[in-house]
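So this one's upload.pdb, PDB, C-alpha atoms:
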```pdb
MODEL        1
ATOM      1  CA  MET A   1      -0.471  15.928  16.055
ATOM      2  CA  THR A   2      -0.864  12.195  15.914
ATOM      3  CA  THR A   3      -1.661   9.436  13.435
ATOM      4  CA  LEU A   4      -4.668   9.581  11.135
ATOM      5  CA  LEU A   5      -6.530   6.319  10.488
ATOM      6  CA  ILE A   6      -8.699   6.290   7.369
ATOM      7  CA  THR A   7     -11.120   3.392   7.000
ATOM      8  CA  ASP A   8     -14.583   3.125   5.524
ATOM      9  CA  ASP A   9     -17.512   0.724   5.559
ATOM     10  CA  ALA A  10     -17.783   1.141   1.787
ATOM     11  CA  CYS A  11     -14.868  -1.284   1.566
ATOM     12  CA  ASP A  12     -17.251  -4.040   2.632
ATOM     13  CA  GLY A  13     -19.150  -3.656  -0.630
ATOM     14  CA  HIS A  14     -16.219  -5.257  -2.428
ATOM     15  CA  VAL A  15     -17.403  -8.833  -2.001
ATOM     16  CA  THR A  16     -15.308 -11.714  -3.302
ATOM     17  CA  PRO A  17     -16.303 -15.355  -3.801
ATOM     18  CA  GLN A  18     -16.398 -17.795  -0.899
ATOM     19  CA  GLY A  19     -12.876 -18.834   0.051
ATOM     20  CA  HIS A  20     -11.164 -15.884  -1.636
ATOM     21  CA  PRO A  21      -8.263 -14.642   0.531
ATOM     22  CA  GLU A  22      -8.922 -10.938  -0.120
ATOM     23  CA  ARG A  23     -12.188 -10.780   1.787
ATOM     24  CA  VAL A  24     -14.318  -8.400   3.804
ATOM     25  CA  ALA A  25     -13.079  -9.916   7.063
ATOM     26  CA  ARG A  26      -9.597  -8.494   6.437
ATOM     27  CA  ARG A  27     -10.718  -4.936   7.053
ATOM     28  CA  HIS A  28     -12.797  -5.989  10.030
ATOM     29  CA  ALA A  29      -9.761  -7.628  11.626
ATOM     30  CA  VAL A  30      -7.729  -4.450  11.156
ATOM     31  CA  ARG A  31     -10.550  -2.160  12.270
ATOM     32  CA  ASP A  32     -11.192  -4.176  15.412
ATOM     33  CA  VAL A  33      -7.581  -4.298  16.576
ATOM     34  CA  LEU A  34      -7.172  -0.556  16.011
ATOM     35  CA  ALA A  35     -10.314   0.121  18.045
ATOM     36  CA  GLY A  36      -8.507  -1.201  21.119
ATOM     37  CA  PRO A  37      -7.389   1.000  24.021
ATOM     38  CA  ALA A  38      -3.763   1.059  22.879
ATOM     39  CA  PHE A  39      -4.879   3.077  19.861
ATOM     40  CA  ALA A  40      -7.209   5.535  21.567
ATOM     41  CA  GLU A  41      -5.252   8.538  20.254
ATOM     42  CA  LEU A  42      -5.768   7.651  16.605
ATOM     43  CA  ILE A  43      -7.765  10.162  14.583
ATOM     44  CA  TRP A  44     -10.432   8.178  12.723
ATOM     45  CA  ALA A  45     -11.845   9.423   9.428
ATOM     46  CA  PRO A  46     -13.891   7.992   6.553
ATOM     47  CA  ALA A  47     -12.523   7.893   3.022
ATOM     48  CA  PRO A  48     -13.769  10.193   0.288
ATOM     49  CA  PRO A  49     -14.260   8.626  -3.136
ATOM     50  CA  ALA A  50     -11.583   9.330  -5.714
ATOM     51  CA  SER A  51     -12.869  11.261  -8.708
ATOM     52  CA  ASP A  52     -12.127  10.366 -12.304
ATOM     53  CA  ALA A  53      -9.559  13.172 -12.299
ATOM     54  CA  ASP A  54      -7.848  11.529  -9.319
ATOM     55  CA  LEU A  55      -7.748   8.117 -10.967
ATOM     56  CA  LEU A  56      -6.512   9.625 -14.230
ATOM     57  CA  LEU A  57      -3.305  10.546 -12.407
ATOM     58  CA  CYS A  58      -2.298   6.914 -13.005
ATOM     59  CA  HIS A  59      -4.908   5.213 -15.206
ATOM     60  CA  PRO A  60      -6.298   6.056 -18.674
ATOM     61  CA  GLN A  61      -9.958   6.883 -19.222
ATOM     62  CA  SER A  62     -10.347   3.772 -21.369
ATOM     63  CA  TYR A  63      -9.495   1.636 -18.350
ATOM     64  CA  LEU A  64     -12.010   3.404 -16.115
ATOM     65  CA  ASP A  65     -14.654   2.953 -18.799
ATOM     66  CA  ARG A  66     -13.850  -0.747 -19.119
ATOM     67  CA  LEU A  67     -14.201  -1.289 -15.383
ATOM     68  CA  ASP A  68     -17.510   0.576 -15.323
ATOM     69  CA  ALA A  69     -18.797  -1.577 -18.171
ATOM     70  CA  SER A  70     -17.717  -4.765 -16.359
ATOM     71  CA  LEU A  71     -19.435  -3.957 -13.054
ATOM     72  CA  PRO A  72     -22.223  -6.475 -12.361
ATOM     73  CA  GLN A  73     -25.663  -5.545 -11.116
ATOM     74  CA  THR A  74     -25.766  -8.668  -8.950
ATOM     75  CA  GLY A  75     -23.348 -11.412  -7.966
ATOM     76  CA  THR A  76     -19.690 -11.312  -8.937
ATOM     77  CA  VAL A  77     -17.720 -11.365 -12.178
ATOM     78  CA  ALA A  78     -14.083 -12.338 -12.674
ATOM     79  CA  LEU A  79     -11.681  -9.954 -14.371
ATOM     80  CA  ASP A  80      -9.037 -12.676 -14.074
ATOM     81  CA  PRO A  81      -8.793 -15.808 -11.890
ATOM     82  CA  ASP A  82      -7.785 -13.680  -8.866
ATOM     83  CA  THR A  83      -9.570 -10.373  -9.355
ATOM     84  CA  TRP A  84     -13.324  -9.978  -9.026
ATOM     85  CA  LEU A  85     -16.002  -7.334  -9.217
ATOM     86  CA  ALA A  86     -19.195  -7.165  -7.172
ATOM     87  CA  PRO A  87     -21.802  -4.383  -7.407
ATOM     88  CA  GLY A  88     -20.002  -2.400  -4.682
ATOM     89  CA  SER A  89     -16.443  -3.040  -5.836
ATOM     90  CA  LEU A  90     -15.781   0.166  -7.731
ATOM     91  CA  ALA A  91     -17.238   2.300  -4.952
ATOM     92  CA  ALA A  92     -14.894   0.522  -2.544
ATOM     93  CA  ALA A  93     -11.913   0.882  -4.871
ATOM     94  CA  ARG A  94     -12.588   4.576  -5.423
ATOM     95  CA  ARG A  95     -12.599   5.117  -1.667
ATOM     96  CA  ALA A  96      -9.406   3.065  -1.281
ATOM     97  CA  ALA A  97      -7.737   5.413  -3.754
ATOM     98  CA  GLY A  98      -9.428   8.427  -2.202
ATOM     99  CA  ALA A  99      -8.106   7.450   1.226
ATOM    100  CA  GLY A 100      -4.529   7.855   0.061
ATOM    101  CA  ILE A 101      -5.318  11.255  -1.407
ATOM    102  CA  ALA A 102      -7.059  12.391   1.789
ATOM    103  CA  ALA A 103      -4.143  11.096   3.851
ATOM    104  CA  VAL A 104      -1.660  13.078   1.762
ATOM    105  CA  ASP A 105      -3.788  16.209   2.158
ATOM    106  CA  ALA A 106      -4.005  15.758   5.926
ATOM    107  CA  VAL A 107      -0.298  15.081   6.431
ATOM    108  CA  LEU A 108       0.864  17.816   4.078
ATOM    109  CA  GLY A 109      -1.676  20.199   5.577
ATOM    110  CA  GLY A 110      -0.384  19.606   9.094
ATOM    111  CA  ARG A 111      -3.586  17.999  10.383
ATOM    112  CA  ALA A 112      -1.807  14.722  11.156
ATOM    113  CA  ALA A 113       1.813  13.715  11.558
ATOM    114  CA  ASN A 114       1.346  10.571   9.486
ATOM    115  CA  ALA A 115      -1.478   8.334   8.316
ATOM    116  CA  PHE A 116      -2.540   4.722   7.794
ATOM    117  CA  CYS A 117      -5.250   3.813   5.276
ATOM    118  CA  ALA A 118      -6.993   0.598   6.341
ATOM    119  CA  MET A 119      -8.802   0.089   3.063
ATOM    120  CA  ARG A 120      -9.481  -2.571   0.476
ATOM    121  CA  PRO A 121      -9.184  -3.633  -2.290
ATOM    122  CA  PRO A 122      -5.393  -3.251  -2.281
ATOM    123  CA  GLY A 123      -3.630  -1.531  -5.153
ATOM    124  CA  HIS A 124      -0.009  -2.331  -5.899
ATOM    125  CA  HIS A 125      -0.682  -4.953  -8.591
ATOM    126  CA  ALA A 126      -2.994  -2.698 -10.632
ATOM    127  CA  GLU A 127      -1.153  -1.651 -13.775
ATOM    128  CA  PRO A 128      -2.193   1.450 -15.722
ATOM    129  CA  ASP A 129      -4.759  -0.464 -17.776
ATOM    130  CA  ILE A 130      -4.902  -3.922 -16.168
ATOM    131  CA  ALA A 131      -6.675  -5.009 -12.986
ATOM    132  CA  MET A 132      -4.890  -7.964 -11.430
ATOM    133  CA  GLY A 133      -3.748  -9.551  -8.185
ATOM    134  CA  PHE A 134      -6.890  -8.494  -6.261
ATOM    135  CA  CYS A 135      -6.190  -4.840  -7.222
ATOM    136  CA  LEU A 136      -8.222  -2.324  -9.245
ATOM    137  CA  PHE A 137      -6.504   1.070  -8.796
ATOM    138  CA  GLY A 138      -2.915   1.952  -7.913
ATOM    139  CA  ASN A 139      -3.632   3.478  -4.512
ATOM    140  CA  ALA A 140      -0.043   4.214  -3.481
ATOM    141  CA  ALA A 141       0.937   5.577  -6.888
ATOM    142  CA  ILE A 142      -2.158   7.795  -7.032
ATOM    143  CA  ALA A 143      -1.299   9.224  -3.608
ATOM    144  CA  ALA A 144       2.256   9.915  -4.763
ATOM    145  CA  ARG A 145       1.169  11.618  -7.986
ATOM    146  CA  HIS A 146      -1.353  13.701  -6.019
ATOM    147  CA  ALA A 147       1.460  15.006  -3.819
ATOM    148  CA  LEU A 148       3.595  15.791  -6.848
ATOM    149  CA  ASP A 149       1.061  17.227  -9.272
ATOM    150  CA  ARG A 150      -1.247  19.033  -6.864
ATOM    151  CA  HIS A 151       0.940  19.937  -3.894
ATOM    152  CA  GLY A 152       4.021  20.820  -5.893
ATOM    153  CA  PHE A 153       6.382  18.364  -4.246
ATOM    154  CA  GLY A 154       9.494  17.430  -6.157
ATOM    155  CA  ARG A 155      10.171  13.848  -5.055
ATOM    156  CA  VAL A 156       8.124  11.049  -3.491
ATOM    157  CA  ALA A 157       9.396   7.620  -2.475
ATOM    158  CA  ILE A 158       7.076   4.612  -2.503
ATOM    159  CA  VAL A 159       8.453   1.780  -0.379
ATOM    160  CA  ASP A 160       6.822  -1.646  -0.516
ATOM    161  CA  PHE A 161       7.391  -4.548   1.884
ATOM    162  CA  ASP A 162       4.499  -6.723   0.724
ATOM    163  CA  VAL A 163       5.629 -10.298   0.035
ATOM    164  CA  HIS A 164       4.507  -9.937  -3.595
ATOM    165  CA  HIS A 165       6.218  -7.534  -5.956
ATOM    166  CA  GLY A 166       4.235  -4.384  -6.701
ATOM    167  CA  ASN A 167       4.280  -4.779 -10.464
ATOM    168  CA  GLY A 168       1.493  -2.254 -10.924
ATOM    169  CA  THR A 169       3.225   0.491  -8.974
ATOM    170  CA  GLN A 170       6.432  -0.244 -10.852
ATOM    171  CA  ALA A 171       4.693  -0.022 -14.224
ATOM    172  CA  ILE A 172       2.997   3.260 -13.327
ATOM    173  CA  VAL A 173       6.152   5.013 -12.078
ATOM    174  CA  TRP A 174       8.705   3.426 -14.435
ATOM    175  CA  ASP A 175       9.203   6.587 -16.498
ATOM    176  CA  ASP A 176       8.591   9.140 -13.741
ATOM    177  CA  PRO A 177      11.903  10.360 -12.295
ATOM    178  CA  ARG A 178      10.050  12.176  -9.507
ATOM    179  CA  ILE A 179       9.068   8.861  -7.904
ATOM    180  CA  LEU A 180      11.445   6.306  -6.421
ATOM    181  CA  PHE A 181       9.878   2.859  -6.055
ATOM    182  CA  ALA A 182      11.688   0.433  -3.749
ATOM    183  CA  SER A 183      10.477  -3.091  -2.998
ATOM    184  CA  SER A 184      11.558  -6.194  -1.157
ATOM    185  CA  HIS A 185       9.575  -9.326  -1.998
ATOM    186  CA  GLN A 186       9.782 -13.082  -2.301
ATOM    187  CA  MET A 187      11.015 -14.527  -5.593
ATOM    188  CA  PRO A 188      10.021 -16.651  -7.333
ATOM    189  CA  LEU A 189       6.413 -15.804  -6.562
ATOM    190  CA  TYR A 190       3.407 -14.104  -8.139
ATOM    191  CA  PRO A 191       3.402 -11.913 -10.227
ATOM    192  CA  GLY A 192       6.824 -12.906 -11.542
ATOM    193  CA  THR A 193       8.240  -9.395 -11.802
ATOM    194  CA  GLY A 194      10.655  -7.635  -9.471
ATOM    195  CA  ASP A 195      14.033  -8.915 -10.608
ATOM    196  CA  PRO A 196      16.843  -6.681  -9.313
ATOM    197  CA  ALA A 197      17.720  -5.982 -12.951
ATOM    198  CA  GLU A 198      14.451  -4.024 -13.283
ATOM    199  CA  THR A 199      15.624  -0.521 -12.428
ATOM    200  CA  GLY A 200      13.178   1.869 -14.089
ATOM    201  CA  GLY A 201      13.485   4.371 -16.887
ATOM    202  CA  HIS A 202      15.509   6.769 -14.710
ATOM    203  CA  ASP A 203      17.208   4.367 -12.278
ATOM    204  CA  ASN A 204      14.209   5.062 -10.055
ATOM    205  CA  VAL A 205      13.199   1.458  -9.315
ATOM    206  CA  ILE A 206      14.910  -0.730  -6.707
ATOM    207  CA  ASN A 207      14.026  -4.400  -6.338
ATOM    208  CA  VAL A 208      15.502  -6.750  -3.751
ATOM    209  CA  ALA A 209      14.496 -10.390  -4.003
ATOM    210  CA  LEU A 210      14.094 -12.543  -0.892
ATOM    211  CA  ARG A 211      13.926 -16.344  -0.902
ATOM    212  CA  ALA A 212      11.295 -18.603   0.599
ATOM    213  CA  GLY A 213      12.082 -19.121   4.267
ATOM    214  CA  ASP A 214      13.822 -15.780   4.722
ATOM    215  CA  GLY A 215      12.974 -13.977   7.935
ATOM    216  CA  GLY A 216      13.852 -10.803   9.762
ATOM    217  CA  ALA A 217      17.614 -11.016   9.316
ATOM    218  CA  ALA A 218      17.285 -11.163   5.525
ATOM    219  CA  LEU A 219      14.774  -8.317   5.604
ATOM    220  CA  ARG A 220      17.164  -6.142   7.554
ATOM    221  CA  ARG A 221      20.033  -6.908   5.174
ATOM    222  CA  ALA A 222      17.885  -5.983   2.186
ATOM    223  CA  TRP A 223      16.697  -2.724   3.634
ATOM    224  CA  GLU A 224      19.831  -1.586   5.483
ATOM    225  CA  GLY A 225      22.159  -2.685   2.702
ATOM    226  CA  VAL A 226      20.234  -1.584  -0.390
ATOM    227  CA  ILE A 227      16.867   0.110  -0.014
ATOM    228  CA  LEU A 228      17.268   2.575   2.854
ATOM    229  CA  PRO A 229      20.515   4.116   1.556
ATOM    230  CA  ARG A 230      18.918   4.640  -1.867
ATOM    231  CA  VAL A 231      15.811   6.201  -0.372
ATOM    232  CA  ALA A 232      17.948   8.486   1.799
ATOM    233  CA  ALA A 233      20.028   9.547  -1.215
ATOM    234  CA  PHE A 234      16.812  10.331  -3.110
ATOM    235  CA  ALA A 235      15.798  12.675  -0.232
ATOM    236  CA  PRO A 236      12.038  12.435  -0.752
ATOM    237  CA  ASP A 237       9.588  15.114   0.301
ATOM    238  CA  LEU A 238       7.073  12.401   1.254
ATOM    239  CA  VAL A 239       7.248   8.649   1.837
ATOM    240  CA  VAL A 240       4.320   6.456   0.831
ATOM    241  CA  ILE A 241       4.335   2.918   2.234
ATOM    242  CA  SER A 242       2.719  -0.010   0.465
ATOM    243  CA  ALA A 243       2.181  -1.890   3.710
ATOM    244  CA  GLY A 244       1.588  -5.543   2.943
ATOM    245  CA  PHE A 245       1.761  -7.988   5.828
ATOM    246  CA  ASP A 246       1.701 -11.247   3.853
ATOM    247  CA  ALA A 247       5.422 -11.747   4.472
ATOM    248  CA  HIS A 248       4.337 -12.959   7.931
ATOM    249  CA  ARG A 249       5.292 -16.536   8.692
ATOM    250  CA  ASP A 250       1.615 -17.493   9.157
ATOM    251  CA  ASP A 251       0.382 -16.082   5.857
ATOM    252  CA  PRO A 252      -1.080 -18.741   3.532
ATOM    253  CA  LEU A 253      -0.103 -17.137   0.213
ATOM    254  CA  ALA A 254       3.680 -17.009   0.482
ATOM    255  CA  GLY A 255       6.730 -18.417   2.219
ATOM    256  CA  LEU A 256       8.630 -15.729   4.104
ATOM    257  CA  ALA A 257       8.992 -15.874   7.882
ATOM    258  CA  MET A 258       8.502 -12.365   9.222
ATOM    259  CA  VAL A 259       6.932 -11.666  12.605
ATOM    260  CA  GLU A 260       5.359  -8.582  14.125
ATOM    261  CA  ALA A 261       8.697  -7.268  15.399
ATOM    262  CA  ASP A 262      10.029  -7.229  11.836
ATOM    263  CA  PHE A 263       7.160  -5.016  10.670
ATOM    264  CA  ALA A 264       7.742  -2.716  13.637
ATOM    265  CA  TRP A 265      11.442  -2.484  12.745
ATOM    266  CA  ILE A 266      10.870  -1.699   9.092
ATOM    267  CA  THR A 267       8.244   0.910   9.966
ATOM    268  CA  GLY A 268      10.682   2.611  12.308
ATOM    269  CA  ALA A 269      13.454   2.536   9.715
ATOM    270  CA  ILE A 270      11.187   4.122   7.110
ATOM    271  CA  CYS A 271      10.072   6.767   9.611
ATOM    272  CA  ASP A 272      13.719   7.574  10.352
ATOM    273  CA  ILE A 273      14.316   8.326   6.665
ATOM    274  CA  ALA A 274      11.155  10.426   6.542
ATOM    275  CA  ALA A 275      12.196  12.340   9.670
ATOM    276  CA  ARG A 276      15.529  13.253   8.108
ATOM    277  CA  HIS A 277      14.324  14.208   4.642
ATOM    278  CA  ALA A 278      10.538  14.666   4.617
ATOM    279  CA  ALA A 279       9.713  16.366   7.930
ATOM    280  CA  GLY A 280       8.350  12.994   9.092
ATOM    281  CA  ARG A 281       5.687  12.891   6.377
ATOM    282  CA  VAL A 282       4.555   9.267   5.929
ATOM    283  CA  VAL A 283       1.361   7.910   4.363
ATOM    284  CA  SER A 284       0.855   4.147   4.633
ATOM    285  CA  VAL A 285      -1.713   2.186   2.629
ATOM    286  CA  LEU A 286      -2.741  -1.392   3.324
ATOM    287  CA  GLU A 287      -1.826  -3.964   0.712
ATOM    288  CA  GLY A 288      -1.736  -7.721   1.458
ATOM    289  CA  GLY A 289      -2.019  -9.911   4.542
ATOM    290  CA  TYR A 290      -4.385 -12.875   4.502
ATOM    291  CA  ASP A 291      -4.139 -14.675   7.845
ATOM    292  CA  LEU A 292      -6.525 -12.585   9.913
ATOM    293  CA  ASP A 293      -4.748 -12.959  13.254
ATOM    294  CA  ALA A 294      -1.316 -12.286  11.736
ATOM    295  CA  LEU A 295      -2.703  -9.334   9.790
ATOM    296  CA  ALA A 296      -4.269  -7.761  12.865
ATOM    297  CA  ALA A 297      -1.156  -8.232  14.998
ATOM    298  CA  SER A 298       1.156  -6.940  12.260
ATOM    299  CA  VAL A 299      -0.972  -3.866  11.570
ATOM    300  CA  ALA A 300      -1.028  -3.171  15.297
ATOM    301  CA  ALA A 301       2.779  -3.249  15.388
ATOM    302  CA  HIS A 302       3.005  -1.007  12.308
ATOM    303  CA  VAL A 303       0.520   1.586  13.559
ATOM    304  CA  GLN A 304       2.006   1.625  17.046
ATOM    305  CA  VAL A 305       5.315   2.770  15.568
ATOM    306  CA  LEU A 306       3.567   5.379  13.415
ATOM    307  CA  MET A 307       1.867   6.721  16.538
ATOM    308  CA  GLU A 308       5.110   6.803  18.503
ATOM    309  CA  ARG A 309       6.872   8.716  15.723
ATOM    310  CA  GLY A 310       3.940  11.038  15.140
ATOM    311  CA  GLY A 311       3.320  11.994  18.754
TER     312      GLY A 311
ENDMDL
END
```

With the file now loaded, output its structure as structure tokens.
Amino acid sequence: MTTLLITDDACDGHVTPQGHPERVARRHAVRDVLAGPAFAELIWAPAPPASDADLLLCHPQSYLDRLDASLPQTGTVALDPDTWLAPGSLAAARRAAGAGIAAVDAVLGGRAANAFCAMRPPGHHAEPDIAMGFCLFGNAAIAARHALDRHGFGRVAIVDFDVHHGNGTQAIVWDDPRILFASSHQMPLYPGTGDPAETGGHDNVINVALRAGDGGAALRRAWEGVILPRVAAFAPDLVVISAGFDAHRDDPLAGLAMVEADFAWITGAICDIAARHAAGRVVSVLEGGYDLDALAASVAAHVQVLMERGG
């Protein structure tokens, strides 16, 4: 077995206005770097669209209906100052959610050791009934609920190292004791949530705040000192990664100072937990990362570790 890569040209139908950081070129940068010879053993697959039943694992029907009603026939419309819809946006978002579901099925079915979903739009800011922060559906949370509700797993951990707090994931899983959500992120920063005092309805939420300028040493302290021990104690059956790479020092939307080696380290540390408690089962979904060169290099470091652990 090796690593499954799920990506899909349908993502390119989610068009954002000129100058928007969450743009079509992000997926192209990731796709192109992973097409290189170092990644020849990846298993490539397209993404199936998530059904309404899939999306209803985390979102109410009223929200799906509202998005459908907002979809433009031409051009783009703003749901908020950051989050836009184009004619192909919901098809892209359904496949981004469907990628996580397909990745869970492949990993749990033994067809891949682990998986990376190189999809857009991202998902961790999407609350149950609010699209925000470039996100429409909670891709990581949907994948986790799919593993729990349809595969009969007892516990799933969602770990998030995006520079922005995953407020949407937190809101979705707040009252679900089967899901542990653990995040490190810069504070203060958008969206303003993620204080360490936010601990979930069942002590199932862990937030560690980093400060502008923090780099790899602070990341390691946060994860080794707080997050990884809690995830290990939770003993998940599956680990889902919200893999955002906007904590990179070159990213234009934040102020942390991570480099590719930091993303490789954190990927390895997460895989170690999964190896001990979840038979190595890891599904990673792309979140942020807006400098194209930094994004490509960071994804390459992340996927290289997944491949090494999955070989």

Exercise for the section: Quick one: pull the distance between atom CA of Ala247 of chain A and atom CA of Thr76 of chain A, Å, one decimal. Expected result: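 About the pair atom CA of Ala247 of chain A and atom CA of Thr76 of chain A: they are 28.5 Å apart.
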
Practice task
Identify all residues satisfying the PyMOL selection byres ((chain A and resi 135-152) around 9) in the given file; provide them as an NGL selection string.
Solution key: :A and (54-59 or 67 or 83-84 or 89-90 or 93-94 or 96-105 or 108 or 120-128 or 130-134 or 153-158 or 168-170 or 172-173 or 178-179 or 238-242 or 283-285)

Exercise for the section: Give as an MDAnalysis selection string every residue, naming chains and numbers as the document does, that has an atom within 12 Å of (19.4, -4.0, 7.7), counting all atoms listed in the file. Expected result: chainID A and resid 215:229 262 265:266 268:270

Problem - Near-segment 196-209 of chain A list (7 Å; all atoms listed in the file; drop same-chain fewer than 5 positions) as an MDAnalysis selection string - result: chainID A and resid 174:175 177 179:187 222

Would you output that residue set with C-alpha atoms, as a PDB file, in the coordinates of the input?
```
ATOM      1  CA  TRP A 174       8.705   3.426 -14.435  1.00  0.00           C
ATOM      2  CA  ASP A 175       9.203   6.587 -16.498  1.00  0.00           C
ATOM      3  CA  PRO A 177      11.903  10.360 -12.295  1.00  0.00           C
ATOM      4  CA  ILE A 179       9.068   8.861  -7.904  1.00  0.00           C
ATOM      5  CA  LEU A 180      11.445   6.306  -6.421  1.00  0.00           C
ATOM      6  CA  PHE A 181       9.878   2.859  -6.055  1.00  0.00           C
ATOM      7  CA  ALA A 182      11.688   0.433  -3.749  1.00  0.00           C
ATOM      8  CA  SER A 183      10.477  -3.091  -2.998  1.00  0.00           C
ATOM      9  CA  SER A 184      11.558  -6.194  -1.157  1.00  0.00           C
ATOM     10  CA  HIS A 185       9.575  -9.326  -1.998  1.00  0.00           C
ATOM     11  CA  GLN A 186       9.782 -13.082  -2.301  1.00  0.00           C
ATOM     12  CA  MET A 187      11.015 -14.527  -5.593  1.00  0.00           C
ATOM     13  CA  ALA A 222      17.885  -5.983   2.186  1.00  0.00           C
TER      14      ALA A 222
END
```

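By chain and then residue number, the residues within 12 Å of Ala40 of chain A are Thr2, Thr3, Leu4, Leu5, Val33, Leu34, Ala35, Gly36, Trp44, Val303, Gln304 and Met307 of chain A, counting only C-alpha atoms and disregarding those fewer than 4 positions away in sequence.
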
Handout entry: Interatomic distance, atom CA of Asp214 of chain A to atom CA of His248 of chain A (Å, one decimal)
Key =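 Atom-to-atom, atom CA of Asp214 of chain A to atom CA of His248 of chain A, that is 10.4 Å.
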
Practice task
Excluding Ala113 of chain A and residues on its chain fewer than 4 positions from it, collect all residues at most 8 Å away from it, counting all atoms listed in the file, and give them as a list of chain:residue names.
Solution key: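 Near Ala113 of chain A, the qualifying residues are A:Met1, A:Thr2, A:Thr3, A:Leu4, A:Val107, A:Gly280, A:Arg281, A:Val282, A:Gly310, A:Gly311.
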
Handout entry: From A:Asp246, A:Asp176, A:Asp237, A:Asp129, residue lying nearest Asp291 of chain A [all atoms listed in the file]
Key =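 The answer is A:Asp246, which sits nearest to Asp291 of chain A.
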
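The nearest approach to Asp293 of chain A among the residues A:Ser70, A:Val259, A:His277, A:Val305, with all atoms listed in the file taken into account, belongs to A:Val259.
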
Handout entry: Two-atom distance - atom CA of Cys117 of chain A, atom CA of Val15 of chain A (Å)
Key =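 Between these atoms lies a distance of 19.0 Å.
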
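Closest to Gly194 of chain A among A:Ala86, A:Arg211, A:Ala278, A:His165 is A:His165, based on all atoms listed in the file.
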
Problem - 10 Å contact set for Ala29 of chain A, all atoms listed in the file, chain neighbours under 6 positions out, as number ranges by chain - result: A: 291-297, 299

Exercise for the section: Using the chain letters and numbering of this document, enumerate as a PyMOL selection string the residues selected by the PyMOL selection byres ((chain A and resi 162) around 6). Expected result: chain A and resi 160-161+163-164+244-245

Completion exercise
In terms of only C-alpha atoms, the residue from A:Cys11, A:Leu64, A:Ala45, A:Ala50 at minimal distance from Gly88 of chain A is A:Cys11
